[in-house]
file structure-v9.txt (compact mmCIF, C-alpha atoms)
# COMPACT_ATOMS: atom_id res chain seq x y z
CA MET U 1 177.89 185.13 186.82
CA THR U 2 174.17 185.29 187.43
CA LYS U 3 172.14 187.91 189.22
CA VAL U 4 170.41 186.74 192.39
CA THR U 5 167.77 188.73 194.25
CA MET U 6 166.40 187.95 197.69
CA THR U 7 165.15 189.63 200.84
CA VAL U 8 167.61 189.55 203.72
CA ASN U 9 166.43 190.73 207.13
CA GLY U 10 163.59 192.60 205.46
CA LYS U 11 165.69 194.40 202.86
CA ALA U 12 165.70 193.62 199.15
CA VAL U 13 169.24 192.74 198.07
CA SER U 14 170.83 191.49 194.89
CA GLY U 15 174.24 190.52 193.66
CA GLU U 16 176.17 188.71 190.96
CA VAL U 17 177.07 185.16 191.93
CA GLU U 18 178.46 181.97 190.41
CA GLY U 19 176.52 178.73 190.38
CA ARG U 20 178.81 177.43 193.11
CA THR U 21 178.45 180.47 195.37
CA LEU U 22 177.12 179.28 198.72
CA LEU U 23 174.48 181.23 200.60
CA SER U 24 176.97 181.62 203.47
CA GLN U 25 179.50 183.16 201.04
CA PHE U 26 176.92 185.49 199.53
CA LEU U 27 175.85 186.69 202.98
CA ARG U 28 179.35 187.15 204.34
CA GLU U 29 181.35 188.26 201.33
CA GLY U 30 178.63 189.69 199.10
CA LEU U 31 176.58 191.51 201.71
CA GLY U 32 179.13 191.90 204.50
CA LEU U 33 176.86 190.13 206.97
CA THR U 34 179.62 188.31 208.83
CA GLY U 35 177.44 187.37 211.80
CA THR U 36 176.72 184.09 210.04
CA HIS U 37 179.74 181.97 210.88
CA VAL U 38 181.29 179.18 208.84
CA GLY U 39 182.68 176.64 211.25
CA CYS U 40 183.18 173.37 209.44
CA ASP U 41 181.91 174.06 205.91
CA THR U 42 180.79 170.41 205.81
CA SER U 43 177.24 170.86 207.23
CA GLN U 44 178.20 169.25 210.54
CA CYS U 45 178.49 172.16 212.96
CA GLY U 46 175.48 174.42 212.40
CA ALA U 47 177.30 177.73 213.04
CA CYS U 48 176.03 178.91 209.64
CA VAL U 49 172.32 178.26 210.26
CA VAL U 50 170.02 180.96 208.86
CA HIS U 51 166.31 180.97 208.06
CA VAL U 52 165.17 180.65 204.45
CA ASN U 53 161.44 181.26 204.08
CA GLY U 54 161.10 180.63 207.81
CA GLN U 55 163.01 177.36 207.85
CA ASP U 56 166.34 176.78 209.51
CA VAL U 57 168.93 175.65 206.97
CA LYS U 58 172.70 175.37 206.85
CA SER U 59 173.80 178.25 204.64
CA CYS U 60 177.12 176.51 203.88
CA THR U 61 175.14 173.71 202.23
CA THR U 62 172.73 175.84 200.22
CA PHE U 63 173.56 177.66 197.00
CA ALA U 64 172.81 181.37 196.83
CA LEU U 65 170.93 180.85 193.55
CA GLU U 66 168.60 178.37 195.26
CA CYS U 67 167.42 181.31 197.37
CA GLU U 68 166.29 183.45 194.44
CA GLY U 69 163.19 185.31 195.63
CA ALA U 70 163.44 183.90 199.15
CA GLU U 71 163.05 185.62 202.52
CA VAL U 72 166.31 185.11 204.39
CA ARG U 73 166.88 185.96 208.03
CA THR U 74 170.29 186.01 209.67
CA ILE U 75 171.54 186.74 213.18
CA GLU U 76 171.81 190.43 212.19
CA GLY U 77 168.03 190.43 211.80
CA MET U 78 167.27 188.95 215.21
CA ALA U 79 167.46 192.03 217.45
CA ASN U 80 164.32 194.04 218.16
CA PRO U 81 163.61 197.01 215.85
CA ASP U 82 164.92 199.42 218.51
CA GLY U 83 168.24 197.58 218.57
CA SER U 84 167.71 195.88 221.92
CA LEU U 85 168.33 192.15 222.16
CA SER U 86 165.49 189.78 221.32
CA VAL U 87 164.13 187.50 224.03
CA ILE U 88 166.32 184.60 222.85
CA GLN U 89 169.45 186.73 222.59
CA GLN U 90 168.82 188.26 226.03
CA ALA U 91 168.35 184.79 227.51
CA PHE U 92 171.71 183.71 226.05
CA GLN U 93 173.31 186.70 227.75
CA ASP U 94 171.47 186.23 231.05
CA HIS U 95 172.27 182.53 231.30
CA HIS U 96 175.79 182.69 229.90
CA GLY U 97 174.71 180.66 226.87
CA LEU U 98 177.90 181.53 225.05
CA GLN U 99 181.55 181.11 225.83
CA CYS U 100 183.75 181.86 222.81
CA GLY U 101 180.62 182.84 220.87
CA PHE U 102 181.53 181.18 217.61
CA CYS U 103 178.55 178.81 217.50
CA THR U 104 176.14 181.39 218.93
CA PRO U 105 174.64 182.74 215.67
CA GLY U 106 173.67 179.23 214.61
CA MET U 107 172.46 178.34 218.10
CA VAL U 108 170.22 181.43 218.24
CA MET U 109 168.80 180.84 214.74
CA THR U 110 168.15 177.18 215.50
CA ALA U 111 166.56 178.07 218.83
CA ALA U 112 164.31 180.61 217.10
CA ALA U 113 163.21 177.98 214.58
CA LEU U 114 162.46 175.51 217.38
CA LEU U 115 160.47 178.01 219.44
CA ALA U 116 158.47 179.08 216.39
CA ARG U 117 157.26 175.48 216.00
CA ASN U 118 157.21 174.44 219.62
CA PRO U 119 156.85 177.44 221.97
CA THR U 120 157.41 175.44 225.18
CA PRO U 121 159.82 172.60 224.39
CA SER U 122 161.09 170.23 227.05
CA GLU U 123 164.78 170.05 227.85
CA ALA U 124 164.96 166.77 225.92
CA GLU U 125 163.25 168.33 222.89
CA ILE U 126 165.71 171.24 222.94
CA ARG U 127 168.69 168.90 223.10
CA HIS U 128 167.27 166.81 220.25
CA TYR U 129 166.66 169.90 218.11
CA LEU U 130 170.25 171.07 218.67
CA GLU U 131 171.71 167.83 217.25
CA GLY U 132 173.04 169.68 214.23
CA ASN U 133 174.68 172.49 216.19
CA ILE U 134 178.06 171.89 217.75
CA CYS U 135 179.53 174.10 220.50
CA ARG U 136 183.28 173.68 220.47
CA CYS U 137 183.43 174.99 224.05
CA THR U 138 180.98 172.18 224.95
CA GLY U 139 178.83 174.79 226.67
CA TYR U 140 175.58 173.00 225.99
CA HIS U 141 174.21 173.16 229.51
CA ASN U 142 173.74 176.93 229.51
CA ILE U 143 172.65 177.02 225.86
CA VAL U 144 169.83 174.60 226.65
CA LYS U 145 169.06 176.57 229.81
CA ALA U 146 168.92 179.85 227.87
CA ILE U 147 166.50 178.41 225.31
CA LEU U 148 164.33 176.97 228.05
CA ALA U 149 164.33 180.39 229.77
CA ALA U 150 163.56 182.17 226.49
CA SER U 151 160.46 179.99 226.18
CA GLY U 152 159.27 181.39 229.51
CA GLN U 153 159.79 178.17 231.44
CA ASP U 154 161.33 177.76 234.87
CA VAL U 155 165.04 176.95 234.75
CA SER U 156 165.82 177.01 238.46
CA HIS U 157 166.05 173.20 238.58
CA LEU U 158 168.94 173.29 236.08
CA GLY U 159 171.25 174.88 238.65
CA HIS U 160 174.01 177.41 238.22
CA GLY U 161 176.24 176.48 235.33
CA ASP U 162 177.90 179.87 235.66
CA ALA U 163 178.39 182.88 237.96
CA VAL U 164 175.89 185.25 236.39
CA ALA U 165 172.76 183.14 236.05
CA ALA U 166 169.84 185.47 236.59
CA GLU U 167 167.46 183.53 238.76
CA MET L 168 184.21 173.25 194.13
CA TYR L 169 184.87 173.37 190.43
CA ALA L 170 182.72 175.91 188.61
CA PHE L 171 179.39 174.88 187.12
CA GLU L 172 176.23 176.48 185.87
CA LEU L 173 173.20 176.22 188.17
CA VAL L 174 169.73 176.37 186.65
CA ARG L 175 166.45 176.40 188.52
CA PRO L 176 163.59 175.12 186.33
CA ALA L 177 160.00 175.71 187.43
CA THR L 178 158.53 172.65 185.69
CA LEU L 179 159.45 169.02 185.19
CA ASP L 180 159.58 169.52 181.41
CA GLU L 181 162.13 172.31 181.76
CA ALA L 182 164.15 170.16 184.17
CA MET L 183 164.23 167.24 181.73
CA THR L 184 165.37 169.50 178.93
CA ALA L 185 168.10 170.95 181.13
CA LEU L 186 169.24 167.48 182.19
CA GLY L 187 169.64 166.53 178.54
CA ALA L 188 172.77 168.71 178.36
CA GLU L 189 176.28 167.25 178.53
CA GLU L 190 177.48 166.55 182.07
CA ALA L 191 174.28 167.81 183.65
CA GLN L 192 173.23 166.49 187.05
CA ALA L 193 170.09 166.87 189.15
CA LEU L 194 170.34 168.72 192.48
CA GLY L 195 167.80 167.70 195.12
CA GLY L 196 168.31 169.26 198.54
CA GLY L 197 172.08 169.18 198.13
CA GLN L 198 172.79 167.82 201.60
CA THR L 199 175.00 165.09 200.15
CA LEU L 200 175.82 166.53 196.74
CA ILE L 201 177.11 169.91 197.96
CA PRO L 202 179.64 168.35 200.38
CA THR L 203 180.62 165.98 197.54
CA LEU L 204 181.19 168.93 195.19
CA LYS L 205 183.25 170.70 197.85
CA GLN L 206 185.55 167.69 197.98
CA ARG L 207 185.76 167.76 194.19
CA LEU L 208 184.47 164.21 194.06
CA ALA L 209 181.92 165.33 191.47
CA ALA L 210 182.37 167.88 188.70
CA PRO L 211 179.14 168.43 186.75
CA ALA L 212 179.07 171.15 184.08
CA LYS L 213 175.50 171.98 184.99
CA LEU L 214 173.38 171.45 188.09
CA VAL L 215 169.63 171.30 187.62
CA CYS L 216 167.95 172.35 190.86
CA LEU L 217 164.69 170.45 191.45
CA SER L 218 163.56 172.32 194.57
CA GLY L 219 161.62 174.96 192.66
CA ILE L 220 159.34 172.44 190.91
CA ALA L 221 156.04 172.56 192.78
CA GLU L 222 154.66 169.37 191.20
CA LEU L 223 157.51 167.34 192.76
CA ARG L 224 156.78 168.42 196.31
CA GLY L 225 154.28 167.17 198.87
CA VAL L 226 152.65 164.12 200.41
CA CYS L 227 149.31 162.75 199.24
CA ILE L 228 147.21 159.61 199.61
CA ALA L 229 146.40 157.54 196.52
CA ASP L 230 143.00 155.91 195.90
CA ASP L 231 144.44 152.55 197.00
CA GLY L 232 145.60 154.10 200.29
CA ALA L 233 149.29 154.28 199.39
CA VAL L 234 151.24 157.23 200.73
CA CYS L 235 152.73 159.13 197.76
CA VAL L 236 155.71 161.36 198.38
CA GLY L 237 156.85 163.78 195.67
CA GLY L 238 160.48 163.28 194.69
CA ALA L 239 161.61 166.73 195.84
CA THR L 240 159.79 166.60 199.18
CA PRO L 241 162.07 167.46 202.13
CA HIS L 242 162.35 165.03 205.04
CA ALA L 243 160.74 167.51 207.46
CA VAL L 244 157.60 167.64 205.30
CA VAL L 245 157.34 163.84 205.22
CA ALA L 246 157.87 163.73 209.00
CA ALA L 247 154.94 166.11 209.48
CA ASP L 248 152.54 165.21 206.68
CA ALA L 249 152.88 161.41 206.61
CA ALA L 250 152.56 161.01 210.39
CA ALA L 251 148.82 160.37 210.37
CA HIS L 252 149.02 157.89 207.47
CA TYR L 253 152.27 155.99 207.85
CA PRO L 254 153.78 156.72 211.29
CA ALA L 255 156.87 154.52 210.84
CA LEU L 256 157.79 156.31 207.60
CA ALA L 257 157.24 159.73 209.21
CA ALA L 258 159.34 158.75 212.23
CA LEU L 259 162.18 157.59 209.98
CA ALA L 260 162.10 160.85 208.00
CA GLY L 261 162.00 162.86 211.23
CA ASN L 262 165.21 161.30 212.49
CA ILE L 263 167.43 161.73 209.43
CA GLY L 264 170.42 164.02 210.03
CA ASP L 265 169.39 167.09 212.02
CA PRO L 266 166.56 169.65 211.70
CA ALA L 267 168.37 171.92 209.22
CA VAL L 268 169.32 168.95 207.03
CA ARG L 269 165.71 167.71 207.11
CA ASN L 270 164.50 171.08 205.85
CA ARG L 271 166.63 170.71 202.71
CA GLY L 272 167.31 167.02 202.02
CA THR L 273 164.78 165.24 199.80
CA ILE L 274 163.52 161.68 199.41
CA GLY L 275 164.39 161.60 195.71
CA GLY L 276 167.91 162.76 196.41
CA SER L 277 168.40 160.14 199.10
CA LEU L 278 167.07 157.26 197.00
CA ALA L 279 168.95 158.29 193.86
CA ASN L 280 172.20 158.50 195.81
CA ASN L 281 171.59 155.15 197.57
CA ASP L 282 174.16 155.71 200.28
CA PRO L 283 174.71 152.31 201.96
CA SER L 284 174.01 153.90 205.37
CA ALA L 285 171.05 156.13 204.46
CA CYS L 286 167.65 155.63 206.12
CA TYR L 287 165.23 156.11 203.21
CA PRO L 288 166.37 153.09 201.16
CA ALA L 289 165.36 150.88 204.12
CA ALA L 290 161.87 152.42 204.18
CA ALA L 291 161.43 152.05 200.41
CA LEU L 292 162.68 148.46 200.28
CA GLY L 293 160.98 147.48 203.53
CA SER L 294 157.65 148.83 202.28
CA GLY L 295 157.95 147.37 198.79
CA ALA L 296 157.57 150.94 197.53
CA THR L 297 157.33 151.92 193.89
CA ILE L 298 159.80 154.51 192.66
CA ARG L 299 158.09 156.48 189.92
CA THR L 300 160.22 158.40 187.43
CA VAL L 301 159.30 160.55 184.45
CA ASN L 302 159.01 157.54 182.19
CA ARG L 303 158.43 154.39 184.28
CA ASP L 304 157.63 152.77 187.61
CA ILE L 305 160.44 150.84 189.32
CA ALA L 306 159.77 148.38 192.14
CA ALA L 307 162.04 148.94 195.14
CA ASP L 308 163.21 145.32 194.77
CA ASP L 309 164.64 146.26 191.35
CA PHE L 310 165.71 149.81 192.17
CA PHE L 311 168.60 149.30 194.59
CA GLN L 312 171.52 147.69 192.77
CA GLY L 313 174.41 148.02 195.21
CA MET L 314 176.26 150.73 197.06
CA PHE L 315 175.59 154.13 195.39
CA THR L 316 174.04 152.28 192.43
CA THR L 317 170.41 152.28 191.31
CA ALA L 318 168.29 151.38 188.31
CA LEU L 319 168.05 155.06 187.36
CA GLU L 320 169.45 156.10 184.02
CA ASP L 321 171.34 159.35 183.44
CA GLY L 322 169.00 162.29 183.74
CA GLU L 323 166.09 160.18 185.02
CA ILE L 324 164.21 162.12 187.71
CA ILE L 325 162.35 160.48 190.61
CA THR L 326 158.95 162.17 190.52
CA GLU L 327 157.22 160.22 193.27
CA VAL L 328 157.65 157.35 195.70
CA ARG L 329 154.56 155.28 196.53
CA PHE L 330 154.50 153.45 199.84
CA PRO L 331 151.83 150.79 200.41
CA VAL L 332 150.80 151.24 204.05
CA PRO L 333 151.46 148.14 206.20
CA GLU L 334 149.39 146.84 209.10
CA ARG L 335 152.28 147.52 211.42
CA ALA L 336 155.82 148.79 210.94
CA ALA L 337 158.80 150.30 212.73
CA TYR L 338 162.31 151.46 211.96
CA GLN L 339 165.16 151.06 214.40
CA LYS L 340 168.33 153.02 213.78
CA PHE L 341 171.58 152.52 215.62
CA GLU L 342 172.97 155.95 215.00
CA GLN L 343 176.59 156.77 214.24
CA PRO L 344 176.60 159.87 216.44
CA ALA L 345 179.04 162.01 214.45
CA SER L 346 177.43 161.61 211.03
CA ARG L 347 173.94 160.73 212.29
CA PHE L 348 173.75 158.13 209.51
CA ALA L 349 172.73 154.60 210.46
CA LEU L 350 175.58 152.43 211.70
CA VAL L 351 172.86 149.86 211.12
CA GLY L 352 169.16 150.50 210.55
CA VAL L 353 166.36 147.95 210.19
CA PHE L 354 162.89 148.61 208.78
CA VAL L 355 160.27 145.95 209.52
CA ALA L 356 156.81 146.10 207.90
CA LYS L 357 153.97 143.60 208.30
CA TYR L 358 151.60 143.33 205.34
CA ALA L 359 148.72 140.93 204.78
CA SER L 360 150.95 139.23 202.21
CA GLY L 361 153.86 138.79 204.64
CA VAL L 362 156.58 140.60 206.54
CA ARG L 363 159.38 142.59 204.90
CA VAL L 364 162.68 143.29 206.63
CA ALA L 365 165.08 145.80 205.04
CA VAL L 366 168.53 146.50 206.41
CA THR L 367 170.67 149.58 205.79
CA GLY L 368 174.14 150.52 207.01
CA ALA L 369 175.31 146.94 207.26
CA SER L 370 176.14 145.48 203.86
CA GLU L 371 178.86 146.21 201.34
CA GLY L 372 176.09 145.74 198.78
CA GLY L 373 173.92 148.50 200.23
CA VAL L 374 170.37 148.07 201.49
CA PHE L 375 169.12 144.45 201.46
CA ARG L 376 166.21 142.26 202.56
CA TRP L 377 166.85 139.65 205.25
CA ALA L 378 164.89 136.76 203.76
CA GLU L 379 165.27 134.33 206.70
CA ALA L 380 163.91 136.88 209.14
CA GLU L 381 161.03 137.70 206.79
CA ALA L 382 160.04 134.01 206.65
CA ALA L 383 160.27 133.59 210.41
CA LEU L 384 158.35 136.79 211.15
CA SER L 385 155.67 136.02 208.56
CA ALA L 386 154.97 132.81 210.51
CA ASP L 387 155.24 134.43 213.95
CA PHE L 388 155.47 138.23 214.28
CA SER L 389 157.41 138.38 217.53
CA ALA L 390 160.98 139.25 218.45
CA GLY L 391 161.44 135.68 219.67
CA ALA L 392 160.79 134.32 216.19
CA ILE L 393 164.25 135.37 215.00
CA ALA L 394 166.11 134.20 218.12
CA GLY L 395 167.62 131.21 216.34
CA LEU L 396 168.74 133.13 213.23
CA SER L 397 172.11 134.65 212.52
CA LEU L 398 173.68 136.59 209.68
CA GLU L 399 177.02 135.90 208.04
CA ALA L 400 179.57 138.69 208.57
CA ASP L 401 181.17 138.04 205.13
CA MET L 402 179.55 140.85 203.21
CA MET L 403 179.15 143.30 206.08
CA ILE L 404 180.82 146.70 206.19
CA GLY L 405 183.86 146.95 208.44
CA ASP L 406 185.25 150.37 209.42
CA LEU L 407 186.49 152.22 212.47
CA HIS L 408 182.92 152.50 213.77
CA GLY L 409 182.20 148.78 213.79
CA SER L 410 183.49 145.43 212.56
CA PRO L 411 181.52 143.21 210.15
CA GLU L 412 180.71 140.85 213.03
CA TYR L 413 179.43 143.73 215.14
CA ARG L 414 177.18 144.93 212.33
CA ALA L 415 175.84 141.42 211.71
CA HIS L 416 174.97 141.21 215.39
CA LEU L 417 173.32 144.64 215.34
CA VAL L 418 171.09 143.63 212.43
CA LYS L 419 169.56 140.87 214.50
CA VAL L 420 169.21 142.98 217.65
CA LEU L 421 167.62 145.87 215.77
CA THR L 422 165.27 143.57 213.86
CA GLY L 423 163.99 142.26 217.19
CA ARG L 424 163.60 145.79 218.53
CA ALA L 425 161.78 146.89 215.38
CA VAL L 426 159.32 143.99 215.70
CA THR L 427 158.70 144.91 219.34
CA ALA L 428 158.30 148.60 218.47
CA ALA L 429 155.84 147.73 215.69
CA GLY L 430 153.72 146.12 218.41
call {"tool": "encode", "arguments": {"input": "structure-v9.txt", "output": "structure tokens"}}
result
Amino acid sequence: MTKVTMTVNGKAVSGEVEGRTLLSQFLREGLGLTGTHVGCDTSQCGACVVHVNGQDVKSCTTFALECEGAEVRTIEGMANPDGSLSVIQQAFQDHHGLQCGFCTPGMVMTAAALLARNPTPSEAEIRHYLEGNICRCTGYHNIVKAILAASGQDVSHLGHGDAVAAE
Amino acid sequence: MYAFELVRPATLDEAMTALGAEEAQALGGGQTLIPTLKQRLAAPAKLVCLSGIAELRGVCIADDGAVCVGGATPHAVVAADAAAHYPALAALAGNIGDPAVRNRGTIGGSLANNDPSACYPAAALGSGATIRTVNRDIAADDFFQGMFTTALEDGEIITEVRFPVPERAAYQKFEQPASRFALVGVFVAKYASGVRVAVTGASEGGVFRWAEAEAALSADFSAGAIAGLSLEADMMIGDLHGSPEYRAHLVKVLTGRAVTAAG
């Protein structure tokens, strides 16, 4: 076992891990941060996406020890400091961007990474950026709509994919 | 995964020392190796993580104009930093896997693994790149030696890949949508000395140059120049995604599209 130290959602954390301990395991089992989901464990589905030093990565395909000294951000660190939902999270709620919710943590983290680089992406750019995130409910329409709305763009042309769209 | 020790050297010297141990293996971005370890298809005693070695990361331009990519440079960095110098290379890097994979996966890891359907081998072979390791330079023509096989020796680290910049180039990838690997991918590059055509995803022998197309395109750089050519299906990969005949056909179609895209 080796000691690993990193910053997770702004807090310094450390723990004893094996070489083979994945970042997703360390977050979920070591730190109890179970918001990061493990869907496929083969780097296909993107449910486990977190940010490492500002970059979106699949935490099931990153070793915890590779993140020694890194700044890690998970879905638990996405809400505003007062506990209210962030703009992206609120847009997912407003536009029904989640059905079963399993893929949502990865979708939100990937969306945040996209918007940090490209604050007003087109629908096509959003769909392209989500290539590594699979929604098993196939609810992509409202996920894309939520991200578009979170970027401050008009989504009225995308129509009502649900009963609670806030337009 | 079987248990192993993971070490994270800060310098190339430390990495080479660590790789001298019994059953030690280099870890690039891990986007292929970690899934392989999970399936217990590899069982190293020690993994030597190269991502913390600053001297192996980044894109720079050599005095002769070649684009030099550090061995541990992630695909996303190549996509961004090579765009102004070698757009076809940057575009290829920017379409590997998905965004999260591109933030981790490295050029050295991709070339050392030499997956028969990976994109980077086509860019390296199609550009006549030089693969530089700690102790020698290897021409791309000598580097790729068959599916998952390269000229690298045990413990030999790719420090840099040098790409001579062509007059025109383009990569066309027919994507296998589930894996996002190339069902077939063709990299075409036009140099003053002639045209190079490298094909990935198609052959049982891994990435290869299509000599007949190179000769035809060197004489006439247009999609029509290869209209009369065809490839034998004998050595092509056949699987549930496509038959050998289908892949042979795709090679020709994509070569034509790459020539058109190169302009």
call {"tool": "closest_atom_pairs", "arguments": {"input": "structure-v9.txt", "of": "chain L", "to": "chain U", "cutoff": "7 Å", "atoms": "all atoms listed in the file", "output": "CSV"}}
result
residue,atom,partner,partner_atom,distance
L:Met168,CA,U:Arg20,CA,6.9
L:Ala170,CA,U:Arg20,CA,6.2
L:Phe171,CA,U:Gly19,CA,5.8
L:Glu172,CA,U:Gly19,CA,5.0
L:Leu173,CA,U:Gly19,CA,4.7
L:Gly197,CA,U:Thr61,CA,6.8
L:Gln198,CA,U:Thr61,CA,6.4
L:Ile201,CA,U:Thr61,CA,6.0
L:Pro202,CA,U:Thr42,CA,5.9
L:Asp265,CA,U:Gly132,CA,5.0
L:Pro266,CA,U:Tyr129,CA,6.4
L:Ala267,CA,U:Val57,CA,4.4
L:Val268,CA,U:Val57,CA,6.7
L:Asn270,CA,U:Val57,CA,6.5
L:Arg271,CA,U:Val57,CA,6.9
call {"tool": "atom_distance", "arguments": {"input": "structure-v9.txt", "atom1": "atom CA of L:Tyr169", "atom2": "atom CA of U:Ala64"}}
result
15.8 Å
call {"tool": "atom_distance", "arguments": {"input": "structure-v9.txt", "atom1": "atom CA of U:Cys40", "atom2": "atom CA of L:Thr203"}}
result
14.2 Å
call {"tool": "closest_residue", "arguments": {"input": "structure-v9.txt", "among": "U:Gly152, U:Gln90, U:Leu85, U:Ile134", "to": "U:Leu115", "atoms": "all atoms listed in the file"}}
result
U:Gly152
call {"tool": "closest_residue", "arguments": {"input": "structure-v9.txt", "among": "U:Gly77, U:Gly101, U:Gly54, U:Gly30", "to": "U:Val8", "atoms": "all atoms listed in the file"}}
result
U:Gly77
call {"tool": "residues_around", "arguments": {"input": "structure-v9.txt", "residues": "L:Arg363", "least_positions_apart": "4", "cutoff": "8 Å", "atoms": "all atoms listed in the file", "output": "compact mmCIF listing (two decimals) with C-alpha atoms, in the coordinates of the input"}}
result
# COMPACT_ATOMS: atom_id res chain seq x y z
CA GLY L 293 160.98 147.48 203.53
CA SER L 294 157.65 148.83 202.28
CA GLY L 295 157.95 147.37 198.79
CA PHE L 354 162.89 148.61 208.78
CA VAL L 355 160.27 145.95 209.52
CA ALA L 356 156.81 146.10 207.90
CA LYS L 357 153.97 143.60 208.30
CA TYR L 358 151.60 143.33 205.34
CA ARG L 376 166.21 142.26 202.56
CA GLU L 381 161.03 137.70 206.79
